[in-house]
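Written out below as structure tokens is the structure these notes cover.
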Amino acid sequence: MQRRIFLNRLLLSSGAVILGSQCSRPGPEGKAAGQVEGSQTATNPVAGTIKEPARDIPVVETADVLVIGGGPSGVAAAIAASRTGARTILAERYNHLGGLWTGGLVLPLLSTHAINKQKTMTRTLHGIGGEILQRLEEIGMAIHDINPVVDPEATKYVLEVMLKESGVMPLYHCWASNVIVESNTIKAVLLETKSGRVAISPKTVIDCTGDGDILHLAGEDYDIMNYELGLVHRLGNIDRINKEAAGNNDLNIGGETPIPSVNWVNMVGGDYEDALDFRRLSELQQQHRIEIWEGVQQIRSVPGYEEVFLLDTAAQQGVRMSRILKGKYRLTLDDSMTFKSFDDNIGISGAWTSLLYQSRRVPMDERPLWQIPYRALLPQKTKNLLVAGRCFSFEQDLFQDARIIGTCLITGHGAGVGAALASNTGNSVQELDVKEIQKILLAQDAYLG
Amino acid sequence: MQIRSKHIRWVFFGLAVVLALPLPLKNLTGLFLWVSPYMFLLSFLSQKSLVWLNAFGVIALVVTFFRRRWVCRYICPAGAVCDLASEFGRSRLRRKPLRLSLNKYLALFSMILALFGIPIFFFTDPFNIIQMSLEVFRTGTGTHSLMKATGIIVIILLSMVLPHSWCSGICPLGGLQLLVYDLRHSIPKSFSPVKVKPESRRLFMAGIAGVVAGAFIPKRLFAGQKKFIRPPFSLPDPEFNAVCARCGNCSAVCPTRIISPSPDIRSIESFLTPSIDFSESYCLPECKLCGDVCPSGAIKKFSLGDKKDHIMALAVIDVDDCLLQQLKECDLCRYHCKYDAIEITRNSQDQIKLPRVIDDKCTGCGACKIICPVQVIDMVAAG
């Protein structure tokens with residue numbers, strides 16, 4: 001009997017020893033990884049600083065509305081402002097209208113459609129954007145109904161004609177380099193021109209620079225998002241590819257355009273770059289140009305593809321994201337996914353890609369249309385500045401649709417009417433009657449749901 | 001007194017039902033299971049580790065030392081159900097109670113087996129039996145919820161045919177409580193030679209049987225043919241199949257509902273163990289609930305900081321059909337990877353840049369698989 005008790009205890013005590021030797025405890029709680037924000041080190045001085053002497057700048061023009069940037073949002077804004085009765089000037093740094101859409105060769109006009117509350121695919125692009133597209137379709141220079149692809153030269157032409165018809169004064173080869181702000185009001189915008197530095201004194205300014213240069217110069221708050229950037233190019237003689245000679249060599253030569261012999265070729269998949277770093281932009285420009293030429297030579301070396309040639313590379317480096325305004329309201333991903341209705345709705349945009357929402361994938365053809373409130377174009381303090389285009393105020397998760405040409409045309413239209421109304425009434429942009437803006441927008445054929 | 005304890009049991013039964021409802025209870029999901037001292041001991045003996053939720057089990061165990069079969073009388077929801085069934089069997093079916101007393105030996109045997117890392121008697125814990133049957137509230141009716149309800153059906157039928165046989169004769173939780181209660185008699189006597197009670201021979205034999213079984217049941221008996229993607233910080237596979245209680249807490253608590261019990265009865269060793277299905281959603285980087293609620297220790301408690309270092313699965317991209325192959329605008333997989341585990345690079349002389357998974361960084365959360373518009377990303381089990 002004693003032996004059994006002894007064995008029993010041996011069993012128990014050895015068990016206890018095993019337990020004691022193997023006890024473990026979980027470690028302390030860690031933090032989730034955060035997103036890295038862009039750094040602004042491009043202008044760090046390497047040889048001290050130098051003082052620019054103060055000087056008097058001639059005010060060469062006055063205007064009701066001054067639009068900085070002639071991309072999709074700038075053109076829509078300028079035409080809308082002029083049609084609303086404002087004397088409008090549009091300043092553009094390159095020699096063409098349309099910005100990345102034309103000069104950047106980003107030819108697809110995305111986010112033109114989305115699902116409405118009745119679950120049917122609806123066109124959201126109306127108003128001035130819709131008119132531009134209609135004119136392009138009339139001359140056969142836009143293909144596909146949903147997310148159409150346009151011809152860049154035809155688009156430059158159509159935009160130029162519409163700008164001329166509406167009476168906007170275009171200023172090309174002008175770079176807005178500074179703003180003079182007095183008591184939260186932009187008194188003048190300084191432009192670097194072939195005639196030297198000049199000033200324009202507007203009643204209201206619209207920042208359509210894409211990079212948010214003006215809102216930055218005016219001292220408004222913003223986020224910086226680093227993202228892919230690339231150089232788009234076009235290939236000619238696509239119709240002369242000899243498919244038989246090519247055999248199984250099915251090369252990726254981009255997407256079709258309204259001109260049958262021409263394809264446009266996107267540049268995707270680069271690293272996330274700081275698009276506000278002038279040195280890096282130049283490095284990438286050089287790298288991309290060489291890469292494209294050599295890539296096209298590779299294509300030409302494939303049997304059947306000999307006659308394909310590099311038609312052109314884009315005049316503008318394709319910057320997808322840079323500054324994002326922290327405005328009176330930041331449009332959220334949630335707003336865009338839930339048919340959120342705003343009292344100060346100034347336009348409705350569509351969707352072009354699937355996205356991750358509430359930890360599930362929502363495919364493009366199930367995504368709802370989304371309203372853009374006037375407050376998302378409003379900066380915090382400047383009384384005569386509106387922001388349109390890819391730098392308006394939205395949450396980063398919404399960037400894939402917020403940055404796109406279709407949305408730029410919508411925000412441009414809304415900002416143009418708002419700016420014209422502000423200069424007509426003498427109110428600050430923050431004090432405008434949004435009902436009045438909506439009335440004019442509807443009269444200009446905009447879609448407000 | 002009897003009446004009051006019975007009432008309290010039904011209150012706890014109601015609580016178990018509430019906790020099993022599909023409500024956003026977070027850490028409270030499956031809390032009930034943590035009260036069972038048998039569950040606690042099996043987990044503690046097999047995993048040799050403690051978490052703070054085990055306090056419930058420890059407290060229940062301590063009270064048991066002073067109050068005979070306290071858990072049975074006041075808390076056990078299965079006890080409430082079985083007593084009802086036994087009453088029915090005795091009065092309506094005129095069945096006579098059966099005197100059985102396997103419980104103590106079963107408890108000792110299973111605990112020693114657990115010490116060797118094989119706590120398979122999790123299935124016989126009455127709290128787990130109730131928990132598994134209640135999973136129907138969360139997962140809906142189906143083959144596997146029927147399979148999970150087998151336990152409760154068996155003990156109800158058993159109690160009807162042989163009244164009280166389960167509760168007083170078989171249930172190892174009851175046995176455990178008796179063993180603990182009996183300790184108070186044996187401790188003071190241990191300083192002098194004592195007369196060994198008849199049952200101690202049997203207890204000794206049960207202990208030896210546990211040692212023999214633990215030493216000779218090879219772990220690979222639990223190694224299934226199929227490779228599963230398990231919840232994060234799960235034990236490696238043969239151990240997982242042996243340790244997992246199949247209680248369903250992890251699939252109940254998962255906010256994105258990606259954990260579901262394996263319904264394949266042919267691979268019996270992994271039957272009803274949780275596996276991850278990435279077809280609808282993915283494993284959120286900011287979530288650690290499955291580790292919090294696992295009562296058996298099959299999923300270890302983990303911190304969010306550790307999550308980036310744990311490989312749950314591996315993303316594999318079939319780049320042939322990737323949108324970038326056609327130079328289409330897409331960056332969704334890289335953009336949504338919270339672990340920077342996808343880079344987009346040129347992998348040959350070819351001009352086209354394509355996504356590539358950095359194996360060292362990929363945790364297998366599945367976000368890239370979910371978001372890919374052309375569905376070319378697959379998740380494979382790690383290892």
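Residues in the structure tokens are numbered from 1 in each chain, the chains being A, B, ... in the order shown, and ligands are numbered from 1 in the order shown.
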Q: Select all residues from chain B having any atom no more than 6 Å from an atom of chain A (counting only C-alpha atoms, ignoring ligands), output as a ChimeraX atom specification.
A: /B:48-49,281,303-305,326-327,344,351,353,370-371
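The protein and nucleic acid residues lying at most 12 Å from Gln430 of chain A are A:Asn184, A:Thr185, A:Thr204, A:Gly327, A:Lys328, A:Tyr329, A:Asp344, A:Tyr374, A:Arg375, A:Ala376, A:Leu377, A:Leu378, A:Pro379, A:Gln380, A:Lys381, A:Thr382, A:Lys383, A:Asn384, A:Leu385, A:Leu386, A:Gly418, A:Ala419, A:Leu421, A:Ala422, A:Gly426, A:Asn427, A:Asp433, A:Val434, with only C-alpha atoms considered and sequence neighbours fewer than 3 positions away removed.
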Q. Out of B:Gly210, B:Pro285, B:Pro163, B:Gly366, which residue has the shortest atom-to-atom distance to Gly89 of chain B when counting only C-alpha atoms?
A.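 Selected residue with least distance to Gly89 of chain B: B:Pro163.
Comparing A:Tyr157, A:Trp352, A:Phe278, A:Trp175 by their smallest distance to Val67 of chain A, the closest is A:Trp175 (using only C-alpha atoms).
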Q: Mind the document's chain letters and residue numbers, and return as a VMD selection string the residues of segment 73-153 of chain A that DSSP labels strand (DSSP E or B).
A: chain A and resid 88 to 91 108 113 to 115 121 to 123 142 to 143 149 to 150
Q.
With distances taken over only C-alpha atoms, which residue among A:Leu333, A:Ile324, A:Ile57, A:Ile143 lies nearest Gly389 of chain A?
A.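 For Gly389 of chain A, the nearest of the candidates is A:Ile324.
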Q | Pairwise distance for atom CA of Thr256 of chain B and atom CA of Cys283 of chain B, rounded to one decimal in Å | A | 7.1 Å
Q: Work out how far atom CA of Asp312 of chain A is from atom CA of Leu235 of chain A, in Å to one decimal.
A: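 Separation of atom CA of Leu235 of chain A and atom CA of Asp312 of chain A: 7.3 Å.
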Q: Name the closest residue to Asp401 of chain A among the candidates A:Thr62, A:Leu325, A:Pro373, A:Ser349; distances are taken between atoms, counting only C-alpha atoms.
A: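 Closest residue, counting only C-alpha atoms: A:Ser349.
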(Q) With only C-alpha atoms as the counted atoms, please give the residues lying no more than 10 Å from Leu134 of chain B, apart from itself and same-chain residues fewer than 2 positions off, as a ChimeraX atom specification. (A) /B:16-21,128-132,136-139,145,148-149,152,247-248
For those residues, write C-alpha atoms to a file as an mmCIF file, in the first residue's frame.
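In the end it all went to selection-v5.cif:
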data_model
loop_
_atom_site.group_PDB
_atom_site.id
_atom_site.type_symbol
_atom_site.label_atom_id
_atom_site.label_comp_id
_atom_site.auth_asym_id
_atom_site.auth_seq_id
_atom_site.Cartn_x
_atom_site.Cartn_y
_atom_site.Cartn_z
ATOM 1 C CA ALA B 16 -24.702 30.681 -22.395
ATOM 2 C CA VAL B 17 -27.387 31.178 -25.030
ATOM 3 C CA VAL B 18 -26.979 34.955 -24.974
ATOM 4 C CA LEU B 19 -23.216 34.617 -25.321
ATOM 5 C CA ALA B 20 -23.721 32.295 -28.265
ATOM 6 C CA LEU B 21 -25.980 34.697 -30.129
ATOM 7 C CA ASN B 128 -18.146 22.562 -24.467
ATOM 8 C CA ILE B 129 -21.009 20.231 -25.361
ATOM 9 C CA ILE B 130 -23.465 23.064 -24.719
ATOM 10 C CA GLN B 131 -21.276 25.604 -26.487
ATOM 11 C CA MET B 132 -20.949 23.447 -29.593
ATOM 12 C CA VAL B 136 -26.129 26.909 -34.690
ATOM 13 C CA PHE B 137 -27.117 30.470 -33.718
ATOM 14 C CA ARG B 138 -24.051 31.859 -35.395
ATOM 15 C CA THR B 139 -23.397 29.571 -38.295
ATOM 16 C CA SER B 145 -23.912 22.467 -36.876
ATOM 17 C CA LYS B 148 -21.620 19.846 -33.388
ATOM 18 C CA ALA B 149 -24.947 19.197 -31.686
ATOM 19 C CA ILE B 152 -25.910 17.344 -26.478
ATOM 20 C CA CYS B 247 -15.671 24.810 -29.385
ATOM 21 C CA GLY B 248 -16.184 27.318 -32.196
#
Show me, as a short mmCIF file (atom, residue, chain, number, x, y, z; two decimals) with N, CA and C atoms, in the first residue's frame, the residues that have an atom within 10 Å of Trp70 of chain B when counting only C-alpha atoms, minus same-chain residues fewer than 2 positions from it.
data_model
loop_
_atom_site.label_atom_id
_atom_site.label_comp_id
_atom_site.auth_asym_id
_atom_site.auth_seq_id
_atom_site.Cartn_x
_atom_site.Cartn_y
_atom_site.Cartn_z
N SER B 5 -30.66 26.39 -6.42
CA SER B 5 -29.50 26.08 -7.25
C SER B 5 -29.93 25.71 -8.67
N ALA B 60 -13.35 28.55 -9.92
CA ALA B 60 -14.32 27.44 -9.86
C ALA B 60 -13.69 26.22 -9.20
N LEU B 61 -12.41 25.99 -9.51
CA LEU B 61 -11.70 24.84 -8.97
C LEU B 61 -11.53 24.97 -7.46
N VAL B 63 -13.37 26.79 -5.38
CA VAL B 63 -14.65 26.66 -4.69
C VAL B 63 -15.04 25.19 -4.57
N THR B 64 -14.73 24.43 -5.62
CA THR B 64 -15.04 23.01 -5.64
C THR B 64 -14.38 22.27 -4.48
N PHE B 65 -13.22 22.76 -4.10
CA PHE B 65 -12.48 22.14 -3.00
C PHE B 65 -13.27 22.22 -1.70
N PHE B 66 -14.05 23.30 -1.55
CA PHE B 66 -14.80 23.48 -0.31
C PHE B 66 -16.25 23.03 -0.40
N ARG B 67 -16.82 23.12 -1.63
CA ARG B 67 -18.23 22.75 -1.79
C ARG B 67 -18.32 21.61 -2.79
N ARG B 68 -18.87 20.49 -2.35
CA ARG B 68 -18.90 19.31 -3.18
C ARG B 68 -19.72 19.52 -4.44
N CYS B 72 -21.48 21.60 -10.70
CA CYS B 72 -22.62 20.83 -11.19
C CYS B 72 -23.93 21.43 -10.69
N ARG B 73 -23.91 21.79 -9.42
CA ARG B 73 -25.17 22.18 -8.80
C ARG B 73 -25.59 23.61 -9.13
N TYR B 74 -24.60 24.47 -9.32
CA TYR B 74 -24.96 25.88 -9.47
C TYR B 74 -24.78 26.44 -10.89
N ILE B 75 -23.85 25.91 -11.65
CA ILE B 75 -23.53 26.58 -12.91
C ILE B 75 -23.84 25.73 -14.14
N CYS B 76 -23.48 24.45 -14.09
CA CYS B 76 -23.42 23.65 -15.31
C CYS B 76 -24.74 23.67 -16.11
N GLY B 174 -17.63 16.38 -13.51
CA GLY B 174 -18.09 15.93 -12.20
C GLY B 174 -17.01 15.14 -11.49
N GLN B 177 -14.36 17.31 -10.04
CA GLN B 177 -14.79 17.97 -8.81
C GLN B 177 -14.72 17.03 -7.62
N LEU B 178 -15.08 15.76 -7.86
CA LEU B 178 -15.00 14.78 -6.77
C LEU B 178 -13.56 14.58 -6.35
N TYR B 181 -12.50 17.52 -4.34
CA TYR B 181 -13.15 17.50 -3.03
C TYR B 181 -12.52 16.46 -2.13
#
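Across the structure, atom CA of Asn178 of chain A and atom CA of Thr49 of chain A are spaced 18.3 Å apart.
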Q: Choose the residue, out of A:Pro108, A:Met321, A:Thr124, A:Gln444, that has the smallest atom-to-atom separation from Ile372 of chain A; count only C-alpha atoms.
A: A:Thr124
Q.
Could you go through segment 202-398 of chain A and tell me which residues DSSP, when run on the backbone, assigns to helix (DSSP H, G or I), listing them as a ChimeraX atom specification?
A. /A:213-217,238-240,243-246,278-300,333-337,364-366,374-377,396-398
Just-selected residues, N, CA and C atoms written as a CSV table (one decimal), in the first residue's frame:
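Final output, saved to result-v2.csv:
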chain,number,residue,atom,x,y,z
A,213,ASP,N,-0.6,73.7,-55.5
A,213,ASP,CA,0.5,74.7,-55.3
A,213,ASP,C,-0.1,76.0,-54.7
A,214,ILE,N,-1.3,76.4,-55.1
A,214,ILE,CA,-1.8,77.7,-54.6
A,214,ILE,C,-2.2,77.5,-53.2
A,215,LEU,N,-2.9,76.4,-52.8
A,215,LEU,CA,-3.3,76.3,-51.4
A,215,LEU,C,-2.1,76.2,-50.5
A,216,HIS,N,-1.1,75.6,-51.0
A,216,HIS,CA,0.2,75.5,-50.2
A,216,HIS,C,0.7,77.0,-50.1
A,217,LEU,N,0.8,77.7,-51.2
A,217,LEU,CA,1.3,79.1,-51.1
A,217,LEU,C,0.5,80.0,-50.2
A,238,ILE,N,-0.1,50.5,-85.2
A,238,ILE,CA,-0.6,49.3,-84.5
A,238,ILE,C,-1.3,48.5,-85.6
A,239,ASP,N,-1.9,49.1,-86.6
A,239,ASP,CA,-2.7,48.4,-87.6
A,239,ASP,C,-1.7,47.6,-88.5
A,240,ARG,N,-0.4,47.9,-88.5
A,240,ARG,CA,0.5,47.2,-89.4
A,240,ARG,C,1.2,46.0,-88.7
A,243,LYS,N,0.1,39.8,-87.5
A,243,LYS,CA,-0.2,38.8,-86.5
A,243,LYS,C,0.4,37.4,-86.9
A,244,GLU,N,0.4,37.1,-88.2
A,244,GLU,CA,0.9,35.8,-88.6
A,244,GLU,C,2.3,35.7,-88.3
A,245,ALA,N,3.1,36.7,-88.7
A,245,ALA,CA,4.5,36.7,-88.4
A,245,ALA,C,4.8,36.6,-86.9
A,246,ALA,N,3.9,37.3,-86.2
A,246,ALA,CA,4.2,37.4,-84.7
A,246,ALA,C,4.0,36.0,-84.0
A,278,PHE,N,11.7,68.3,-56.8
A,278,PHE,CA,12.0,68.6,-58.2
A,278,PHE,C,13.2,67.8,-58.7
A,279,ARG,N,14.1,67.4,-57.9
A,279,ARG,CA,15.2,66.5,-58.4
A,279,ARG,C,14.7,65.1,-58.7
A,280,ARG,N,13.9,64.6,-57.9
A,280,ARG,CA,13.4,63.2,-58.1
A,280,ARG,C,12.6,63.2,-59.4
A,281,LEU,N,11.7,64.2,-59.6
A,281,LEU,CA,10.9,64.3,-60.8
A,281,LEU,C,11.8,64.3,-62.0
A,282,SER,N,12.9,65.0,-61.9
A,282,SER,CA,13.8,65.1,-63.1
A,282,SER,C,14.5,63.7,-63.4
A,283,GLU,N,15.0,63.1,-62.3
A,283,GLU,CA,15.6,61.8,-62.4
A,283,GLU,C,14.6,60.8,-63.1
A,284,LEU,N,13.4,60.8,-62.6
A,284,LEU,CA,12.4,59.9,-63.1
A,284,LEU,C,12.1,60.2,-64.6
A,285,GLN,N,12.0,61.5,-64.9
A,285,GLN,CA,11.7,61.9,-66.3
A,285,GLN,C,12.8,61.3,-67.2
A,286,GLN,N,14.0,61.4,-66.8
A,286,GLN,CA,15.1,60.9,-67.6
A,286,GLN,C,15.0,59.3,-67.7
A,287,GLN,N,14.8,58.7,-66.5
A,287,GLN,CA,14.7,57.3,-66.5
A,287,GLN,C,13.6,56.8,-67.4
A,288,HIS,N,12.4,57.4,-67.3
A,288,HIS,CA,11.3,57.0,-68.0
A,288,HIS,C,11.5,57.1,-69.5
A,289,ARG,N,12.1,58.3,-69.9
A,289,ARG,CA,12.3,58.5,-71.4
A,289,ARG,C,13.1,57.4,-72.0
A,290,ILE,N,14.2,57.1,-71.3
A,290,ILE,CA,15.1,56.0,-71.8
A,290,ILE,C,14.4,54.7,-71.8
A,291,GLU,N,13.7,54.4,-70.7
A,291,GLU,CA,13.0,53.1,-70.5
A,291,GLU,C,12.0,52.9,-71.7
A,292,ILE,N,11.3,54.0,-72.0
A,292,ILE,CA,10.2,53.9,-73.0
A,292,ILE,C,10.9,53.6,-74.4
A,293,TRP,N,11.9,54.4,-74.7
A,293,TRP,CA,12.5,54.2,-76.1
A,293,TRP,C,13.1,52.8,-76.2
A,294,GLU,N,13.8,52.3,-75.1
A,294,GLU,CA,14.4,51.0,-75.2
A,294,GLU,C,13.3,49.9,-75.2
A,295,GLY,N,12.2,50.2,-74.5
A,295,GLY,CA,11.1,49.2,-74.5
A,295,GLY,C,10.5,49.1,-75.9
A,296,VAL,N,10.3,50.2,-76.6
A,296,VAL,CA,9.7,50.2,-77.9
A,296,VAL,C,10.7,49.5,-78.9
A,297,GLN,N,12.0,49.7,-78.7
A,297,GLN,CA,12.9,49.0,-79.6
A,297,GLN,C,12.8,47.5,-79.4
A,298,GLN,N,12.6,47.1,-78.2
A,298,GLN,CA,12.4,45.6,-77.9
A,298,GLN,C,11.2,45.1,-78.7
A,299,ILE,N,10.1,45.9,-78.6
A,299,ILE,CA,8.9,45.5,-79.3
A,299,ILE,C,9.2,45.4,-80.8
A,300,ARG,N,9.9,46.4,-81.4
A,300,ARG,CA,10.2,46.4,-82.8
A,300,ARG,C,11.0,45.2,-83.2
A,333,LEU,N,-14.4,57.7,-47.5
A,333,LEU,CA,-14.7,56.5,-48.3
A,333,LEU,C,-16.1,56.0,-47.9
A,334,ASP,N,-16.5,56.2,-46.6
A,334,ASP,CA,-17.8,55.8,-46.2
A,334,ASP,C,-18.9,56.6,-46.9
A,335,ASP,N,-18.6,57.9,-47.0
A,335,ASP,CA,-19.6,58.8,-47.8
A,335,ASP,C,-19.8,58.3,-49.2
A,336,SER,N,-18.7,57.8,-49.8
A,336,SER,CA,-18.8,57.5,-51.2
A,336,SER,C,-19.5,56.1,-51.4
A,337,MET,N,-19.5,55.3,-50.3
A,337,MET,CA,-20.1,54.0,-50.4
A,337,MET,C,-21.5,53.8,-49.9
A,364,MET,N,-16.2,47.2,-59.1
A,364,MET,CA,-16.5,48.5,-59.7
A,364,MET,C,-18.0,48.6,-60.1
A,365,ASP,N,-18.5,47.5,-60.7
A,365,ASP,CA,-19.9,47.6,-61.1
A,365,ASP,C,-20.9,47.4,-60.0
A,366,GLU,N,-20.5,47.4,-58.8
A,366,GLU,CA,-21.4,47.4,-57.6
A,366,GLU,C,-21.3,48.7,-56.8
A,374,TYR,N,-19.9,71.0,-51.4
A,374,TYR,CA,-19.2,72.2,-51.7
A,374,TYR,C,-18.1,72.5,-50.6
A,375,ARG,N,-18.3,72.1,-49.4
A,375,ARG,CA,-17.3,72.2,-48.3
A,375,ARG,C,-16.0,71.5,-48.6
A,376,ALA,N,-16.1,70.4,-49.4
A,376,ALA,CA,-14.8,69.7,-49.7
A,376,ALA,C,-13.9,70.5,-50.7
A,377,LEU,N,-14.5,71.6,-51.2
A,377,LEU,CA,-13.6,72.4,-52.1
A,377,LEU,C,-13.2,73.7,-51.4
A,396,GLN,N,-7.8,59.8,-47.6
A,396,GLN,CA,-6.9,59.2,-48.5
A,396,GLN,C,-7.5,57.9,-49.2
A,397,ASP,N,-8.3,57.2,-48.4
A,397,ASP,CA,-8.8,55.9,-48.9
A,397,ASP,C,-9.7,56.1,-50.2
A,398,LEU,N,-10.1,57.4,-50.4
A,398,LEU,CA,-11.0,57.6,-51.6
A,398,LEU,C,-10.2,58.1,-52.8
Q | Nearby residues (only C-alpha atoms) at most 12 Å from Lys6 of chain B, same-chain spacing under 2 positions excluded, as number ranges by chain | A | B: 1-4, 8-13, 70-84
Would you write out those residues with N, CA and C atoms, as a PDB file, in the first residue's frame?
ATOM      1  N   MET B   1     -33.185  25.135  -1.005  1.00  0.00           N
ATOM      2  CA  MET B   1     -31.792  25.193  -1.442  1.00  0.00           C
ATOM      3  C   MET B   1     -31.650  24.522  -2.798  1.00  0.00           C
ATOM      4  N   GLN B   2     -32.167  23.295  -2.903  1.00  0.00           N
ATOM      5  CA  GLN B   2     -32.098  22.568  -4.175  1.00  0.00           C
ATOM      6  C   GLN B   2     -32.759  23.360  -5.289  1.00  0.00           C
ATOM      7  N   ILE B   3     -33.941  23.882  -4.948  1.00  0.00           N
ATOM      8  CA  ILE B   3     -34.708  24.609  -5.958  1.00  0.00           C
ATOM      9  C   ILE B   3     -33.935  25.831  -6.442  1.00  0.00           C
ATOM     10  N   ARG B   4     -33.280  26.511  -5.436  1.00  0.00           N
ATOM     11  CA  ARG B   4     -32.582  27.735  -5.817  1.00  0.00           C
ATOM     12  C   ARG B   4     -31.397  27.441  -6.750  1.00  0.00           C
ATOM     13  N   ILE B   8     -30.590  28.846 -10.543  1.00  0.00           N
ATOM     14  CA  ILE B   8     -29.348  29.525 -10.924  1.00  0.00           C
ATOM     15  C   ILE B   8     -28.755  28.874 -12.167  1.00  0.00           C
ATOM     16  N   ARG B   9     -28.830  27.538 -12.224  1.00  0.00           N
ATOM     17  CA  ARG B   9     -28.302  26.833 -13.395  1.00  0.00           C
ATOM     18  C   ARG B   9     -28.996  27.273 -14.671  1.00  0.00           C
ATOM     19  N   TRP B  10     -30.304  27.439 -14.583  1.00  0.00           N
ATOM     20  CA  TRP B  10     -31.024  27.850 -15.806  1.00  0.00           C
ATOM     21  C   TRP B  10     -30.673  29.277 -16.194  1.00  0.00           C
ATOM     22  N   VAL B  11     -30.389  30.098 -15.170  1.00  0.00           N
ATOM     23  CA  VAL B  11     -29.923  31.457 -15.471  1.00  0.00           C
ATOM     24  C   VAL B  11     -28.621  31.376 -16.258  1.00  0.00           C
ATOM     25  N   PHE B  12     -27.723  30.504 -15.804  1.00  0.00           N
ATOM     26  CA  PHE B  12     -26.460  30.344 -16.518  1.00  0.00           C
ATOM     27  C   PHE B  12     -26.662  29.765 -17.916  1.00  0.00           C
ATOM     28  N   PHE B  13     -27.657  28.887 -18.016  1.00  0.00           N
ATOM     29  CA  PHE B  13     -27.971  28.341 -19.348  1.00  0.00           C
ATOM     30  C   PHE B  13     -28.385  29.481 -20.275  1.00  0.00           C
ATOM     31  N   TRP B  70     -19.812  21.697  -6.700  1.00  0.00           N
ATOM     32  CA  TRP B  70     -20.413  23.030  -6.722  1.00  0.00           C
ATOM     33  C   TRP B  70     -20.780  23.465  -8.147  1.00  0.00           C
ATOM     34  N   VAL B  71     -19.890  23.209  -9.085  1.00  0.00           N
ATOM     35  CA  VAL B  71     -20.133  23.626 -10.470  1.00  0.00           C
ATOM     36  C   VAL B  71     -21.361  22.918 -11.028  1.00  0.00           C
ATOM     37  N   CYS B  72     -21.481  21.599 -10.702  1.00  0.00           N
ATOM     38  CA  CYS B  72     -22.623  20.826 -11.189  1.00  0.00           C
ATOM     39  C   CYS B  72     -23.933  21.427 -10.689  1.00  0.00           C
ATOM     40  N   ARG B  73     -23.915  21.790  -9.418  1.00  0.00           N
ATOM     41  CA  ARG B  73     -25.172  22.179  -8.795  1.00  0.00           C
ATOM     42  C   ARG B  73     -25.587  23.606  -9.129  1.00  0.00           C
ATOM     43  N   TYR B  74     -24.601  24.466  -9.321  1.00  0.00           N
ATOM     44  CA  TYR B  74     -24.961  25.877  -9.471  1.00  0.00           C
ATOM     45  C   TYR B  74     -24.780  26.437 -10.885  1.00  0.00           C
ATOM     46  N   ILE B  75     -23.850  25.915 -11.649  1.00  0.00           N
ATOM     47  CA  ILE B  75     -23.526  26.577 -12.909  1.00  0.00           C
ATOM     48  C   ILE B  75     -23.843  25.734 -14.145  1.00  0.00           C
ATOM     49  N   CYS B  76     -23.482  24.451 -14.088  1.00  0.00           N
ATOM     50  CA  CYS B  76     -23.425  23.652 -15.313  1.00  0.00           C
ATOM     51  C   CYS B  76     -24.744  23.671 -16.109  1.00  0.00           C
ATOM     52  N   PRO B  77     -24.745  24.266 -17.294  1.00  0.00           N
ATOM     53  CA  PRO B  77     -25.968  24.320 -18.105  1.00  0.00           C
ATOM     54  C   PRO B  77     -26.354  22.939 -18.639  1.00  0.00           C
ATOM     55  N   ALA B  78     -25.333  22.094 -18.864  1.00  0.00           N
ATOM     56  CA  ALA B  78     -25.641  20.738 -19.335  1.00  0.00           C
ATOM     57  C   ALA B  78     -26.330  19.953 -18.221  1.00  0.00           C
ATOM     58  N   GLY B  79     -25.923  20.242 -16.978  1.00  0.00           N
ATOM     59  CA  GLY B  79     -26.545  19.580 -15.831  1.00  0.00           C
ATOM     60  C   GLY B  79     -28.034  19.888 -15.765  1.00  0.00           C
ATOM     61  N   ALA B  80     -28.365  21.148 -16.023  1.00  0.00           N
ATOM     62  CA  ALA B  80     -29.772  21.544 -16.013  1.00  0.00           C
ATOM     63  C   ALA B  80     -30.553  20.768 -17.063  1.00  0.00           C
ATOM     64  N   VAL B  81     -29.959  20.671 -18.255  1.00  0.00           N
ATOM     65  CA  VAL B  81     -30.621  19.969 -19.355  1.00  0.00           C
ATOM     66  C   VAL B  81     -30.763  18.482 -19.024  1.00  0.00           C
ATOM     67  N   CYS B  82     -29.658  17.885 -18.499  1.00  0.00           N
ATOM     68  CA  CYS B  82     -29.670  16.442 -18.234  1.00  0.00           C
ATOM     69  C   CYS B  82     -30.629  16.075 -17.107  1.00  0.00           C
ATOM     70  N   ASP B  83     -30.702  16.934 -16.091  1.00  0.00           N
ATOM     71  CA  ASP B  83     -31.634  16.662 -14.999  1.00  0.00           C
ATOM     72  C   ASP B  83     -33.071  16.641 -15.505  1.00  0.00           C
ATOM     73  N   LEU B  84     -33.358  17.559 -16.399  1.00  0.00           N
ATOM     74  CA  LEU B  84     -34.681  17.618 -16.993  1.00  0.00           C
ATOM     75  C   LEU B  84     -34.971  16.330 -17.769  1.00  0.00           C
TER      76      LEU B  84
END
